[in-house]
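Data block below; observations after.
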Amino acid sequence: MNLFKSIKIIDSGKAIILSRKDGSRLRYHATWLRDNANDPKTRDKNNGQRLISIS
């Protein structure tokens, strides 16, 4: 199931805009995306602790 109509990278790669099929839009900054990533490179798989520091 595709939730988004389009995904655009903006601000020279510093943010993205997700356009939904209902016309609403979501904007996420790259720092927020990286800080909230839930992958083995950034979070401990056993306890969810952050393995990186955004500063």
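Naming scheme: A, B, ... for chains in displayed order of the structure tokens; residues 1 onward per chain; ligands 1 onward as shown.
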Can you list, as a PyMOL selection string, every residue of chain A that DSSP puts in helix (DSSP H, G or I)?
-> chain A and resi 11-13+30-35
Please, could you write that set of residues out with N, CA and C atoms as a JSON list (two decimals), in the first residue's frame?
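Okay, this is what ended up in selection-v9.json:
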```json
[["chain", "number", "residue", "atom", "x", "y", "z"],
["A", 11, "ASP", "N", 15.66, 21.93, 0.09],
["A", 11, "ASP", "CA", 16.70, 22.64, 0.84],
["A", 11, "ASP", "C", 18.07, 21.97, 0.72],
["A", 12, "SER", "N", 18.43, 21.63, -0.51],
["A", 12, "SER", "CA", 19.73, 20.99, -0.79],
["A", 12, "SER", "C", 19.95, 19.73, 0.03],
["A", 13, "GLY", "N", 18.90, 18.94, 0.20],
["A", 13, "GLY", "CA", 19.00, 17.69, 0.93],
["A", 13, "GLY", "C", 18.84, 17.80, 2.43],
["A", 30, "ALA", "N", 16.29, 16.84, 7.96],
["A", 30, "ALA", "CA", 17.24, 15.72, 7.93],
["A", 30, "ALA", "C", 17.75, 15.36, 9.33],
["A", 31, "THR", "N", 17.98, 16.36, 10.16],
["A", 31, "THR", "CA", 18.47, 16.10, 11.52],
["A", 31, "THR", "C", 17.43, 15.31, 12.32],
["A", 32, "TRP", "N", 16.17, 15.68, 12.20],
["A", 32, "TRP", "CA", 15.11, 14.96, 12.90],
["A", 32, "TRP", "C", 15.03, 13.52, 12.40],
["A", 33, "LEU", "N", 15.10, 13.34, 11.08],
["A", 33, "LEU", "CA", 15.04, 11.99, 10.52],
["A", 33, "LEU", "C", 16.19, 11.13, 11.04],
["A", 34, "ARG", "N", 17.39, 11.67, 11.05],
["A", 34, "ARG", "CA", 18.55, 10.91, 11.51],
["A", 34, "ARG", "C", 18.45, 10.60, 13.00],
["A", 35, "ASP", "N", 18.00, 11.56, 13.78],
["A", 35, "ASP", "CA", 17.88, 11.39, 15.22],
["A", 35, "ASP", "C", 16.83, 10.35, 15.57]]
```
In Å to one decimal, how far is atom CA of Asp44 of chain A from atom CA of Met1 of chain A?
->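 Going from atom CA of Met1 of chain A over to atom CA of Asp44 of chain A, I get 28.8 Å.
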Of the listed residues A:Ile10, A:Arg50, A:Arg43, A:Lys5, that which approaches Arg25 of chain A most closely, counting only C-alpha atoms =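 Counting only C-alpha atoms, the residue closest to Arg25 of chain A is A:Lys5.
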Looking at A:Lys8, A:Leu51, A:Ile16, A:Ser24, which one is nearest to Ala37 of chain A, with distances taken over only C-alpha atoms?
-> A:Leu51
Could you pull out the residues in chain A that DSSP calls strand (DSSP E or B) from the backbone, as an MDAnalysis selection string?
-> chainID A and resid 4:10 15:20 25:29 43 50
Can you tell me, as a ChimeraX atom specification, what residues are no more than 9 Å from Arg27 of chain A when counting only C-alpha atoms, ignoring any on the same chain fewer than 5 positions away?
-> /A:15-19
Output for the residues just chosen: N, CA and C atoms as a PDB file, in the first residue's frame:
```
ATOM      1  N   ALA A  15      15.994  18.570   3.990  1.00  0.00           N
ATOM      2  CA  ALA A  15      14.634  18.254   4.422  1.00  0.00           C
ATOM      3  C   ALA A  15      13.915  17.491   3.313  1.00  0.00           C
ATOM      4  N   ILE A  16      12.800  16.866   3.680  1.00  0.00           N
ATOM      5  CA  ILE A  16      11.939  16.221   2.695  1.00  0.00           C
ATOM      6  C   ILE A  16      10.499  16.658   2.939  1.00  0.00           C
ATOM      7  N   ILE A  17       9.711  16.614   1.879  1.00  0.00           N
ATOM      8  CA  ILE A  17       8.272  16.852   1.976  1.00  0.00           C
ATOM      9  C   ILE A  17       7.574  15.610   1.445  1.00  0.00           C
ATOM     10  N   LEU A  18       6.675  15.063   2.267  1.00  0.00           N
ATOM     11  CA  LEU A  18       5.870  13.918   1.880  1.00  0.00           C
ATOM     12  C   LEU A  18       4.463  14.424   1.592  1.00  0.00           C
ATOM     13  N   SER A  19       3.996  14.243   0.375  1.00  0.00           N
ATOM     14  CA  SER A  19       2.642  14.657   0.009  1.00  0.00           C
ATOM     15  C   SER A  19       1.740  13.435   0.040  1.00  0.00           C
TER      16      SER A  19
END
```
Work out how far apart atom CA of Pro40 of chain A and atom CA of Ser53 of chain A are and give it in Å to one decimal.
-> 14.4 Å
Option closest in space to Asn36 of chain A, from A:Lys14, A:Ile9, A:Gly48, A:Asn2 [counting only C-alpha atoms] =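 Nearest candidate to Asn36 of chain A out of A:Lys14, A:Ile9, A:Gly48, A:Asn2: A:Gly48.
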